[in-house]
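Enquirer: Data file query-v4.cif (mmCIF, C-alpha atoms and all ligand atoms) is appended below.
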data_start
#
loop_
_atom_site.label_atom_id
_atom_site.label_comp_id
_atom_site.auth_asym_id
_atom_site.auth_seq_id
_atom_site.Cartn_x
_atom_site.Cartn_y
_atom_site.Cartn_z
CA MET V 1 10.59 -20.97 7.19
CA LEU V 2 6.89 -21.70 7.66
CA TRP V 3 4.74 -22.16 4.58
CA PHE V 4 0.96 -22.04 4.94
CA SER V 5 -1.24 -23.17 2.08
CA HIS V 6 -4.29 -25.36 1.57
CA ASP V 7 -5.74 -27.34 -1.34
CA ARG V 8 -9.12 -25.80 -0.64
CA TYR V 9 -7.79 -22.48 -2.00
CA LEU V 10 -7.79 -24.12 -5.44
CA ASP V 11 -11.54 -24.70 -5.28
CA HIS V 12 -12.39 -20.99 -5.07
CA VAL V 13 -13.27 -20.03 -8.63
CA ALA V 14 -14.47 -16.52 -9.45
CA GLY V 15 -15.70 -17.41 -12.92
CA SER V 16 -14.45 -18.43 -16.34
CA GLY V 17 -11.70 -16.13 -17.58
CA HIS V 18 -11.29 -14.38 -14.22
CA PRO V 19 -7.64 -13.34 -13.70
CA GLU V 20 -7.72 -14.32 -9.98
CA ARG V 21 -7.77 -18.03 -10.78
CA PRO V 22 -6.62 -21.28 -9.16
CA ASP V 23 -3.68 -21.62 -11.57
CA ARG V 24 -2.09 -18.68 -9.76
CA LEU V 25 -1.52 -20.82 -6.71
CA ARG V 26 -0.30 -23.70 -8.85
CA ALA V 27 2.26 -21.27 -10.33
CA VAL V 28 3.37 -20.31 -6.82
CA ALA V 29 3.78 -24.01 -6.01
CA HIS V 30 5.76 -24.43 -9.23
CA GLY V 31 8.07 -21.61 -8.11
CA VAL V 32 8.60 -23.39 -4.81
CA ALA V 33 9.29 -26.73 -6.48
CA ARG V 34 11.94 -25.40 -8.84
CA SER V 35 13.63 -23.29 -6.16
CA ALA V 36 16.42 -24.65 -3.99
CA TYR V 37 14.22 -24.32 -0.91
CA GLY V 38 11.29 -26.66 -1.33
CA GLU V 39 12.80 -29.15 1.11
CA ALA V 40 13.58 -26.43 3.64
CA LEU V 41 9.98 -25.32 4.07
CA ASP V 42 8.00 -26.30 7.14
CA ARG V 43 4.68 -26.82 5.36
CA ARG V 44 1.54 -26.32 7.39
CA GLU V 45 -2.13 -26.68 6.51
CA PRO V 46 -4.01 -23.74 8.06
CA THR V 47 -7.16 -24.03 10.13
CA PRO V 48 -10.10 -21.72 9.39
CA ALA V 49 -10.38 -18.44 11.26
CA THR V 50 -13.24 -18.15 13.71
CA GLN V 51 -16.10 -15.74 13.14
CA ALA V 52 -14.82 -13.80 16.17
CA ALA V 53 -11.43 -13.35 14.48
CA ILE V 54 -13.06 -12.08 11.28
CA GLU V 55 -15.08 -9.64 13.40
CA LEU V 56 -11.90 -8.11 14.82
CA VAL V 57 -11.96 -6.24 11.49
CA HIS V 58 -15.29 -6.77 9.74
CA PRO V 59 -18.76 -6.11 11.19
CA THR V 60 -21.14 -9.02 11.64
CA GLY V 61 -23.18 -7.80 8.69
CA LEU V 62 -20.32 -8.31 6.26
CA TYR V 63 -19.42 -11.72 7.70
CA ASP V 64 -23.06 -12.82 7.44
CA ALA V 65 -23.35 -11.53 3.87
CA VAL V 66 -20.29 -13.44 2.68
CA GLU V 67 -21.34 -16.61 4.52
CA THR V 68 -24.86 -16.36 3.10
CA VAL V 69 -23.61 -16.08 -0.49
CA GLY V 70 -21.26 -19.00 0.15
CA LEU V 71 -23.96 -21.21 1.66
CA ALA V 72 -26.19 -20.42 -1.32
CA GLY V 73 -23.52 -21.94 -3.58
CA GLY V 74 -21.98 -18.66 -4.69
CA GLY V 75 -22.87 -15.38 -6.30
CA ARG V 76 -21.61 -11.99 -7.31
CA ILE V 77 -20.43 -9.49 -4.66
CA ASP V 78 -19.53 -6.82 -7.21
CA ALA V 79 -18.49 -6.71 -10.87
CA ASP V 80 -15.04 -8.21 -10.09
CA THR V 81 -15.69 -10.15 -6.90
CA VAL V 82 -17.46 -13.45 -7.38
CA MET V 83 -17.93 -16.45 -5.07
CA ASN V 84 -18.63 -20.11 -5.67
CA ASP V 85 -19.50 -22.84 -3.19
CA ALA V 86 -15.87 -23.07 -1.95
CA SER V 87 -15.13 -19.35 -1.63
CA PHE V 88 -16.36 -18.81 1.92
CA GLU V 89 -14.33 -21.71 3.27
CA ALA V 90 -11.28 -20.57 1.28
CA ALA V 91 -11.58 -17.05 2.68
CA MET V 92 -11.86 -18.40 6.24
CA LEU V 93 -8.77 -20.54 5.63
CA ALA V 94 -6.91 -17.55 4.14
CA ALA V 95 -7.55 -15.49 7.27
CA GLY V 96 -6.76 -18.56 9.38
CA ALA V 97 -3.33 -18.92 7.76
CA GLY V 98 -2.26 -15.57 9.19
CA LEU V 99 -3.52 -16.45 12.64
CA ASN V 100 -1.77 -19.82 12.53
CA ALA V 101 1.40 -18.02 11.42
CA ILE V 102 1.22 -15.70 14.44
CA GLU V 103 0.79 -18.66 16.80
CA ALA V 104 3.64 -20.63 15.26
CA LEU V 105 6.06 -17.71 15.11
CA THR V 106 5.20 -16.66 18.65
CA ALA V 107 5.95 -20.22 19.76
CA GLY V 108 9.38 -19.93 18.15
CA GLU V 109 8.67 -22.49 15.45
CA GLY V 110 10.14 -20.47 12.58
CA ASP V 111 11.92 -17.31 11.44
CA HIS V 112 9.33 -16.14 8.89
CA ALA V 113 5.96 -17.27 7.56
CA PHE V 114 4.62 -17.14 4.01
CA CYS V 115 0.85 -17.46 3.57
CA ALA V 116 0.21 -18.68 0.01
CA VAL V 117 -3.52 -18.02 0.06
CA ARG V 118 -6.54 -17.28 -2.11
CA PRO V 119 -8.67 -15.24 -2.26
CA PRO V 120 -6.50 -12.17 -1.65
CA GLY V 121 -7.56 -9.65 0.99
CA HIS V 122 -6.10 -6.16 0.76
CA HIS V 123 -9.00 -4.50 -1.10
CA ALA V 124 -11.60 -5.64 1.45
CA THR V 125 -12.52 -2.67 3.65
CA ALA V 126 -14.08 -3.18 7.06
CA SER V 127 -17.57 -3.05 5.58
CA GLN V 128 -17.14 -4.08 1.93
CA SER V 129 -15.72 -7.10 0.10
CA MET V 130 -14.34 -5.89 -3.24
CA GLY V 131 -11.57 -6.23 -5.81
CA PHE V 132 -11.40 -10.07 -5.73
CA CYS V 133 -11.14 -9.88 -1.89
CA LEU V 134 -13.66 -11.19 0.67
CA PHE V 135 -12.02 -10.80 4.10
CA ASN V 136 -8.86 -8.77 4.73
CA SER V 137 -6.54 -11.50 5.99
CA ALA V 138 -3.52 -9.22 6.57
CA ALA V 139 -5.67 -6.79 8.55
CA ILE V 140 -7.12 -9.58 10.69
CA ALA V 141 -3.58 -10.72 11.52
CA ALA V 142 -2.50 -7.17 12.34
CA ARG V 143 -5.52 -6.52 14.55
CA THR V 144 -4.84 -9.77 16.37
CA LEU V 145 -1.29 -8.62 17.05
CA THR V 146 -2.20 -5.11 18.20
CA GLY V 147 -4.77 -6.69 20.53
CA GLY V 148 -1.78 -8.28 22.26
CA GLY V 149 0.03 -4.96 22.57
CA GLU V 150 2.18 -5.23 19.44
CA ARG V 151 2.98 -2.46 16.94
CA VAL V 152 2.59 -3.62 13.36
CA ALA V 153 3.97 -2.29 10.09
CA ILE V 154 2.03 -3.51 7.05
CA VAL V 155 3.92 -2.93 3.81
CA ASP V 156 1.81 -3.45 0.69
CA ILE V 157 3.87 -3.90 -2.48
CA ASP V 158 0.96 -5.12 -4.62
CA ALA V 159 0.59 -3.04 -7.80
CA HIS V 160 -2.84 -1.89 -6.62
CA HIS V 161 -3.42 0.38 -3.65
CA GLY V 162 -4.36 -1.58 -0.52
CA ASN V 163 -7.43 0.55 0.04
CA GLY V 164 -9.07 -1.94 2.36
CA THR V 165 -6.13 -2.20 4.72
CA GLN V 166 -5.71 1.58 4.68
CA ASP V 167 -9.40 2.07 5.47
CA ILE V 168 -9.29 -0.35 8.41
CA PHE V 169 -6.26 1.26 10.07
CA TYR V 170 -6.64 4.88 8.93
CA ALA V 171 -7.24 6.14 12.49
CA ASP V 172 -5.18 3.44 14.27
CA PRO V 173 -1.87 4.65 15.74
CA ASP V 174 -0.65 1.09 16.42
CA VAL V 175 -0.52 0.05 12.75
CA LEU V 176 1.70 1.74 10.17
CA PHE V 177 0.27 1.10 6.72
CA VAL V 178 2.63 1.63 3.78
CA SER V 179 1.58 1.15 0.17
CA LEU V 180 3.58 1.50 -3.04
CA HIS V 181 1.29 1.11 -6.02
CA GLN V 182 0.59 2.13 -9.59
CA SER V 183 -1.34 5.36 -10.11
CA PRO V 184 -3.59 5.85 -11.90
CA CYS V 185 -4.98 2.36 -11.41
CA TYR V 186 -7.74 0.44 -9.59
CA PRO V 187 -9.13 1.27 -7.03
CA GLY V 188 -8.13 4.93 -7.43
CA SER V 189 -7.19 5.70 -3.81
CA GLY V 190 -3.69 5.95 -2.34
CA ALA V 191 -2.69 9.53 -3.08
CA VAL V 192 0.45 10.69 -1.32
CA GLY V 193 -1.65 13.12 0.73
CA GLU V 194 -3.59 10.28 2.39
CA THR V 195 -1.62 10.02 5.65
CA GLY V 196 -4.18 8.95 8.28
CA THR V 197 -6.76 10.64 10.48
CA GLY V 198 -7.36 11.30 14.18
CA ASP V 199 -4.94 9.34 16.35
CA GLY V 200 -3.66 7.71 13.16
CA VAL V 201 -2.34 10.86 11.51
CA GLY V 202 1.08 10.02 10.08
CA THR V 203 0.65 6.22 10.28
CA THR V 204 -0.43 5.83 6.65
CA LEU V 205 2.23 6.28 3.96
CA ASN V 206 1.37 6.17 0.27
CA VAL V 207 3.90 6.28 -2.54
CA PRO V 208 2.02 6.15 -5.86
CA MET V 209 4.13 5.14 -8.87
CA VAL V 210 3.49 6.12 -12.48
CA PRO V 211 3.04 3.42 -15.15
CA GLY V 212 6.38 2.07 -16.34
CA THR V 213 8.10 2.53 -12.97
CA THR V 214 11.13 0.25 -12.59
CA GLY V 215 12.89 -1.15 -9.55
CA ASP V 216 15.28 1.77 -9.10
CA ALA V 217 12.38 4.06 -8.14
CA TYR V 218 11.11 1.47 -5.67
CA ARG V 219 14.60 1.21 -4.15
CA GLN V 220 14.78 5.02 -3.94
CA ALA V 221 11.37 5.09 -2.24
CA PHE V 222 12.48 2.41 0.21
CA ASP V 223 15.75 4.17 1.06
CA GLN V 224 14.37 7.70 1.35
CA VAL V 225 10.85 7.17 2.68
CA VAL V 226 9.68 3.65 3.52
CA LEU V 227 12.57 2.36 5.63
CA PRO V 228 13.10 5.64 7.56
CA LYS V 229 9.37 5.81 8.24
CA ILE V 230 9.28 2.24 9.54
CA GLU V 231 12.36 2.90 11.67
CA SER V 232 10.74 5.90 13.34
CA PHE V 233 7.49 3.94 13.90
CA ALA V 234 9.47 1.13 15.57
CA PRO V 235 7.18 -1.83 14.83
CA THR V 236 7.44 -5.12 16.67
CA TRP V 237 5.93 -7.13 13.78
CA LEU V 238 6.05 -6.83 9.98
CA ILE V 239 3.29 -7.95 7.64
CA ILE V 240 3.98 -7.80 3.91
CA SER V 241 1.08 -7.75 1.47
CA ALA V 242 3.02 -9.29 -1.39
CA GLY V 243 1.21 -8.85 -4.63
CA PHE V 244 3.45 -9.70 -7.56
CA ASP V 245 1.32 -7.87 -10.12
CA GLY V 246 3.85 -5.05 -10.43
CA HIS V 247 5.85 -7.46 -12.58
CA ARG V 248 6.45 -6.06 -16.07
CA ASN V 249 4.64 -9.02 -17.64
CA ASP V 250 1.50 -8.72 -15.54
CA PRO V 251 -1.54 -8.50 -17.83
CA ILE V 252 -3.66 -6.12 -15.72
CA THR V 253 -1.11 -3.45 -14.64
CA ASP V 254 1.65 -1.37 -16.24
CA LEU V 255 4.57 -1.32 -13.82
CA GLY V 256 8.07 -2.45 -14.84
CA LEU V 257 9.30 -4.67 -11.99
CA THR V 258 10.90 -8.13 -12.20
CA SER V 259 11.18 -10.99 -9.76
CA GLY V 260 14.70 -9.75 -9.05
CA ASP V 261 13.25 -6.45 -7.90
CA TYR V 262 10.78 -8.25 -5.63
CA GLY V 263 13.58 -10.25 -4.04
CA ASP V 264 15.60 -7.09 -3.57
CA LEU V 265 12.69 -5.25 -1.94
CA LEU V 266 11.94 -8.13 0.42
CA ALA V 267 15.60 -8.33 1.43
CA ARG V 268 15.51 -4.63 2.39
CA LEU V 269 12.26 -5.00 4.32
CA LEU V 270 12.77 -8.09 6.44
CA PRO V 271 15.44 -6.67 8.80
CA VAL V 272 13.13 -3.90 10.11
CA VAL V 273 11.93 -6.30 12.82
CA ASP V 274 13.52 -9.29 14.52
CA ASN V 275 13.27 -12.73 12.94
CA GLY V 276 10.22 -14.63 14.07
CA ARG V 277 8.00 -11.59 13.55
CA GLN V 278 7.58 -11.42 9.76
CA ILE V 279 4.55 -12.68 7.84
CA VAL V 280 4.15 -12.49 4.07
CA PHE V 281 0.70 -12.76 2.48
CA LEU V 282 0.22 -13.47 -1.20
CA GLU V 283 -2.12 -10.82 -2.60
CA GLY V 284 -2.30 -10.27 -6.40
CA GLY V 285 -0.17 -11.32 -9.39
CA TYR V 286 -1.77 -12.52 -12.62
CA ASP V 287 1.05 -13.65 -14.92
CA LEU V 288 1.80 -17.27 -14.05
CA GLU V 289 5.49 -17.26 -14.96
CA ALA V 290 6.00 -13.99 -13.08
CA LEU V 291 4.31 -15.53 -10.04
CA ALA V 292 6.58 -18.57 -10.14
CA ASP V 293 9.71 -16.43 -10.59
CA SER V 294 8.70 -13.97 -7.87
CA THR V 295 7.96 -16.81 -5.44
CA GLU V 296 11.39 -18.25 -6.15
CA ALA V 297 13.04 -14.87 -5.53
CA ALA V 298 11.06 -14.37 -2.32
CA LEU V 299 12.04 -17.80 -1.02
CA SER V 300 15.71 -17.13 -1.67
CA VAL V 301 15.48 -14.09 0.60
CA LEU V 302 13.26 -15.68 3.23
CA CYS V 303 15.18 -18.96 3.47
CA ASP V 304 18.73 -17.88 2.70
CA GLN V 305 19.03 -14.11 3.18
CA THR V 306 20.39 -13.94 -0.34
CA VAL V 307 18.70 -12.81 -3.49
CA THR V 308 18.87 -15.36 -6.26
CA HIS V 309 17.68 -13.41 -9.24
CA PRO V 310 15.65 -15.44 -11.71
CA GLU V 311 15.63 -12.07 -13.51
CA ALA V 312 17.88 -9.02 -13.11
CA VAL V 313 16.72 -5.97 -11.19
CA THR V 314 15.48 -3.10 -13.35
CA THR V 315 16.42 0.56 -13.81
CA GLY V 316 15.68 3.40 -16.16
CA GLY V 317 11.96 3.95 -15.75
CA PRO V 318 10.28 7.28 -15.12
CA THR V 319 10.99 9.36 -12.02
CA ASN V 320 8.23 9.66 -9.43
CA ALA V 321 7.54 13.06 -7.87
CA SER V 322 5.58 11.27 -5.16
CA ILE V 323 8.81 10.17 -3.44
CA ALA V 324 9.90 13.74 -2.66
CA ALA V 325 6.32 14.66 -1.78
CA ALA V 326 6.10 11.77 0.70
CA MET V 327 9.46 12.75 2.22
CA ALA V 328 8.18 16.25 2.83
CA LEU V 329 4.74 15.20 4.13
CA HIS V 330 6.23 12.72 6.58
CA ASP V 331 9.16 14.96 7.68
CA LEU V 332 11.77 12.52 6.41
CA GLY V 333 15.06 14.20 5.56
ZN ZN O 401 -3.08 -6.14 -7.22
#
Could you spell out this file's structure in structure tokens?
Expert:
Amino acid sequence: MLWFSHDRYLDHVAGSGHPERPDRLRAVAHGVARSAYGEALDRREPTPATQAAIELVHPTGLYDAVETVGLAGGGRIDADTVMNDASFEAAMLAAGAGLNAIEALTAGEGDHAFCAVRPPGHHATASQSMGFCLFNSAAIAARTLTGGGERVAIVDIDAHHGNGTQDIFYADPDVLFVSLHQSPCYPGSGAVGETGTGDGVGTTLNVPMVPGTTGDAYRQAFDQVVLPKIESFAPTWLIISAGFDGHRNDPITDLGLTSGDYGDLLARLLPVVDNGRQIVFLEGGYDLEALADSTEAALSVLCDQTVTHPEAVTTGGPTNASIAAAMALHDLG
């Protein structure tokens, strides 16, 4: 089990009171330390991505803009997305973690990789940093893999729609993008009818969830839509955008999941590809205890193929019409 993280991620500060704060990564580390698996991790310090790797996804103009703000000591990209003097380097190291994970897994050095990174990436579109995200690290990893002839499924379980990742691969038939997310919620995209365009028609799957949704609806969506869709796509690699902000205690969303649910969902997802081809990226998650618990649950699945529930799985939330709608749109059952 490969674990990529870097102290420099702690130096990226988006401003006083910002929910995407360094303590998030300290909470993840706390979850590792109190789990049974801290000793089992093969801990690696990532190297920064190259500009060429960033430009597999983002145009030079965006790379230059982010670098320029970083070199100037920081500044505001949009209302929510703020950089300081460490942010550019942190973002390059976040993208680099995914690339290092691909190299290490390809070399047979581990069964899975977890990239405990900041800033997150899934809201960054090809041309726009937004939503706390500068570069789309998961997308850069996926594009690197498809450049080598691989087929990649990206499953985004963050509470927010992964609009950036969807945008980047909307017309790409070699990447299946799946997002389960709260709706309505930021950034507003991710309707069930958004299924791809051009050669990529059918390789985007959105399952929006109403506020209050509990784990049973996620499990239903996995069983009836997500897992059958992945099986028919037949990916060779799996990238998971693991935001833990769907936790019921998260302060900026309204879903009803627990760390037990996250462990359960990861356990269902991992077997869709062979071991050695699974990379997990930390995306959002803003309650520190929920982050620690969810990290612990994730590690139990990744290291031990068992789910140790720091919290029980949840049931009893509202039903989601989007599951049946997605089944119909994607010809599943
Ligand atoms: Zn999120």
Enquirer: Given a cut-off of 8 Å, what residues near ligand ZN 401 (chain O) show up using all atoms listed in the file, put as a list in words?
Expert: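 If we count all atoms listed in the file, the neighbours of ligand ZN 401 (chain O) turn out to be Asp158, Ala159, His160, His161, Gly243, Phe244, Asp245, Gly246, Glu283, Gly284 and Gly285 of chain V.
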Enquirer: Show me, as a list in words, the residues that have an atom within 9 Å of Asp42 in chain V when counting only C-alpha atoms, minus same-chain residues fewer than 4 positions from it.
Expert: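 With the cut-off at 9 Å, the set is Met1, Leu2, Trp3, Phe4 and Gly110 of chain V.
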Enquirer: Which of these, V:Gly73, V:Gly193, V:Gly96, V:Gly316, has the shortest distance to Arg118 in chain V once you count only C-alpha atoms?
Expert: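 With only C-alpha atoms as the atom set, the closest residue is V:Gly96.
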Enquirer: Under the rule of at most 7 Å, produce a per-residue listing of range 83-197 of chain V near range 270-279 of chain V: chain, number, name, the closest pair of atoms, and the distance in Å, as a Markdown table, using only C-alpha atoms.
Expert:
| residue | atom | partner | partner_atom | distance |
| --- | --- | --- | --- | --- |
| V:Leu105 | CA | V:Gly276 | CA | 5.3 |
| V:Gly108 | CA | V:Gly276 | CA | 6.7 |
| V:Gly110 | CA | V:Gly276 | CA | 6.0 |
| V:Asp111 | CA | V:Gly276 | CA | 4.1 |
| V:His112 | CA | V:Gln278 | CA | 5.1 |
| V:Ala113 | CA | V:Ile279 | CA | 4.8 |
| V:Phe114 | CA | V:Ile279 | CA | 5.9 |
Enquirer: Could you check how far CA of Pro59 in chain V sits from CA of Ala94 in chain V, in Å to one decimal?
Expert: 17.9 Å
Enquirer: Measuring between all atoms listed in the file, which one of V:Tyr286, V:Phe281, V:Phe222, V:Phe233 shows the shortest distance to Thr253 in chain V?
Expert: V:Tyr286
Enquirer: Can you work out which one of V:His123, V:Arg219, V:His18, V:His12 has the shortest atom-to-atom distance to Gly74 in chain V, counting all atoms listed in the file?
Expert: V:His12
Enquirer: Set the distance at 10 Å and use all atoms listed in the file: which residues neighbour Ser87 in chain V once local chain neighbours fewer than 2 positions away are removed? I'd like the list as a list in words.
Expert: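 The filter keeps Arg8, Tyr9, Leu10, Asp11, His12, Val13, Ala14, Val66, Glu67, Val69, Gly70, Leu71, Gly73, Gly74, Gly75, Val82, Met83, Asn84, Asp85, Glu89, Ala90, Ala91, Met92, Leu93, Arg118, Pro119 and Leu134 of chain V.
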Enquirer: Hey, can you check how far CA of Ser35 in chain V sits from CA of Leu266 in chain V?
Expert: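 These two atoms are separated by 16.6 Å.
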Enquirer: Could you model all heavy atoms for range 319-329 of chain V and present them as a PDB file, in the coordinates of the input?
Expert:
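The resulting file, part33.pdb, is shown below:
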ATOM      1  N   THR V 319      10.851   8.888 -13.407  1.00  0.00           N
ATOM      2  CA  THR V 319      10.990   9.360 -12.020  1.00  0.00           C
ATOM      3  C   THR V 319       9.593   9.583 -11.444  1.00  0.00           C
ATOM      4  O   THR V 319       8.622   9.756 -12.174  1.00  0.00           O
ATOM      5  CB  THR V 319      11.774  10.669 -11.958  1.00  0.00           C
ATOM      6  OG1 THR V 319      11.113  11.623 -12.783  1.00  0.00           O
ATOM      7  CG2 THR V 319      13.196  10.461 -12.433  1.00  0.00           C
ATOM      8  N   ASN V 320       9.520   9.542 -10.115  1.00  0.00           N
ATOM      9  CA  ASN V 320       8.230   9.660  -9.430  1.00  0.00           C
ATOM     10  C   ASN V 320       8.288  10.820  -8.440  1.00  0.00           C
ATOM     11  O   ASN V 320       8.958  10.747  -7.415  1.00  0.00           O
ATOM     12  CB  ASN V 320       7.902   8.363  -8.703  1.00  0.00           C
ATOM     13  CG  ASN V 320       7.423   7.280  -9.664  1.00  0.00           C
ATOM     14  OD1 ASN V 320       6.226   7.061  -9.816  1.00  0.00           O
ATOM     15  ND2 ASN V 320       8.355   6.623 -10.330  1.00  0.00           N
ATOM     16  N   ALA V 321       7.560  11.883  -8.746  1.00  0.00           N
ATOM     17  CA  ALA V 321       7.540  13.060  -7.870  1.00  0.00           C
ATOM     18  C   ALA V 321       6.966  12.724  -6.502  1.00  0.00           C
ATOM     19  O   ALA V 321       7.203  13.438  -5.524  1.00  0.00           O
ATOM     20  CB  ALA V 321       6.734  14.174  -8.528  1.00  0.00           C
ATOM     21  N   SER V 322       6.225  11.620  -6.420  1.00  0.00           N
ATOM     22  CA  SER V 322       5.580  11.270  -5.160  1.00  0.00           C
ATOM     23  C   SER V 322       6.600  10.935  -4.071  1.00  0.00           C
ATOM     24  O   SER V 322       6.300  11.046  -2.882  1.00  0.00           O
ATOM     25  CB  SER V 322       4.642  10.078  -5.360  1.00  0.00           C
ATOM     26  OG  SER V 322       5.360   8.950  -5.793  1.00  0.00           O
ATOM     27  N   ILE V 323       7.811  10.524  -4.450  1.00  0.00           N
ATOM     28  CA  ILE V 323       8.810  10.170  -3.440  1.00  0.00           C
ATOM     29  C   ILE V 323       9.214  11.410  -2.645  1.00  0.00           C
ATOM     30  O   ILE V 323       9.199  11.411  -1.408  1.00  0.00           O
ATOM     31  CB  ILE V 323      10.026   9.476  -4.087  1.00  0.00           C
ATOM     32  CG1 ILE V 323       9.592   8.162  -4.763  1.00  0.00           C
ATOM     33  CG2 ILE V 323      11.115   9.219  -3.047  1.00  0.00           C
ATOM     34  CD1 ILE V 323      10.679   7.491  -5.591  1.00  0.00           C
ATOM     35  N   ALA V 324       9.535  12.487  -3.343  1.00  0.00           N
ATOM     36  CA  ALA V 324       9.900  13.740  -2.660  1.00  0.00           C
ATOM     37  C   ALA V 324       8.708  14.290  -1.887  1.00  0.00           C
ATOM     38  O   ALA V 324       8.857  14.818  -0.776  1.00  0.00           O
ATOM     39  CB  ALA V 324      10.402  14.760  -3.670  1.00  0.00           C
ATOM     40  N   ALA V 325       7.523  14.158  -2.464  1.00  0.00           N
ATOM     41  CA  ALA V 325       6.320  14.660  -1.780  1.00  0.00           C
ATOM     42  C   ALA V 325       6.084  13.900  -0.484  1.00  0.00           C
ATOM     43  O   ALA V 325       5.743  14.483   0.550  1.00  0.00           O
ATOM     44  CB  ALA V 325       5.105  14.533  -2.705  1.00  0.00           C
ATOM     45  N   ALA V 326       6.283  12.586  -0.522  1.00  0.00           N
ATOM     46  CA  ALA V 326       6.100  11.770   0.700  1.00  0.00           C
ATOM     47  C   ALA V 326       7.159  12.103   1.745  1.00  0.00           C
ATOM     48  O   ALA V 326       6.864  12.180   2.932  1.00  0.00           O
ATOM     49  CB  ALA V 326       6.136  10.283   0.345  1.00  0.00           C
ATOM     50  N   MET V 327       8.394  12.337   1.296  1.00  0.00           N
ATOM     51  CA  MET V 327       9.460  12.750   2.220  1.00  0.00           C
ATOM     52  C   MET V 327       9.061  14.013   2.962  1.00  0.00           C
ATOM     53  O   MET V 327       9.217  14.119   4.192  1.00  0.00           O
ATOM     54  CB  MET V 327      10.765  13.001   1.467  1.00  0.00           C
ATOM     55  CG  MET V 327      11.537  11.762   1.101  1.00  0.00           C
ATOM     56  SD  MET V 327      13.052  12.190   0.185  1.00  0.00           S
ATOM     57  CE  MET V 327      14.068  12.835   1.531  1.00  0.00           C
ATOM     58  N   ALA V 328       8.548  14.971   2.229  1.00  0.00           N
ATOM     59  CA  ALA V 328       8.180  16.250   2.830  1.00  0.00           C
ATOM     60  C   ALA V 328       6.985  16.083   3.780  1.00  0.00           C
ATOM     61  O   ALA V 328       7.009  16.572   4.915  1.00  0.00           O
ATOM     62  CB  ALA V 328       7.865  17.272   1.745  1.00  0.00           C
ATOM     63  N   LEU V 329       5.952  15.362   3.331  1.00  0.00           N
ATOM     64  CA  LEU V 329       4.740  15.200   4.130  1.00  0.00           C
ATOM     65  C   LEU V 329       5.023  14.466   5.436  1.00  0.00           C
ATOM     66  O   LEU V 329       4.379  14.716   6.454  1.00  0.00           O
ATOM     67  CB  LEU V 329       3.704  14.399   3.336  1.00  0.00           C
ATOM     68  CG  LEU V 329       2.709  15.193   2.506  1.00  0.00           C
ATOM     69  CD1 LEU V 329       1.897  14.231   1.642  1.00  0.00           C
ATOM     70  CD2 LEU V 329       1.795  16.015   3.406  1.00  0.00           C
TER      71      LEU V 329
END
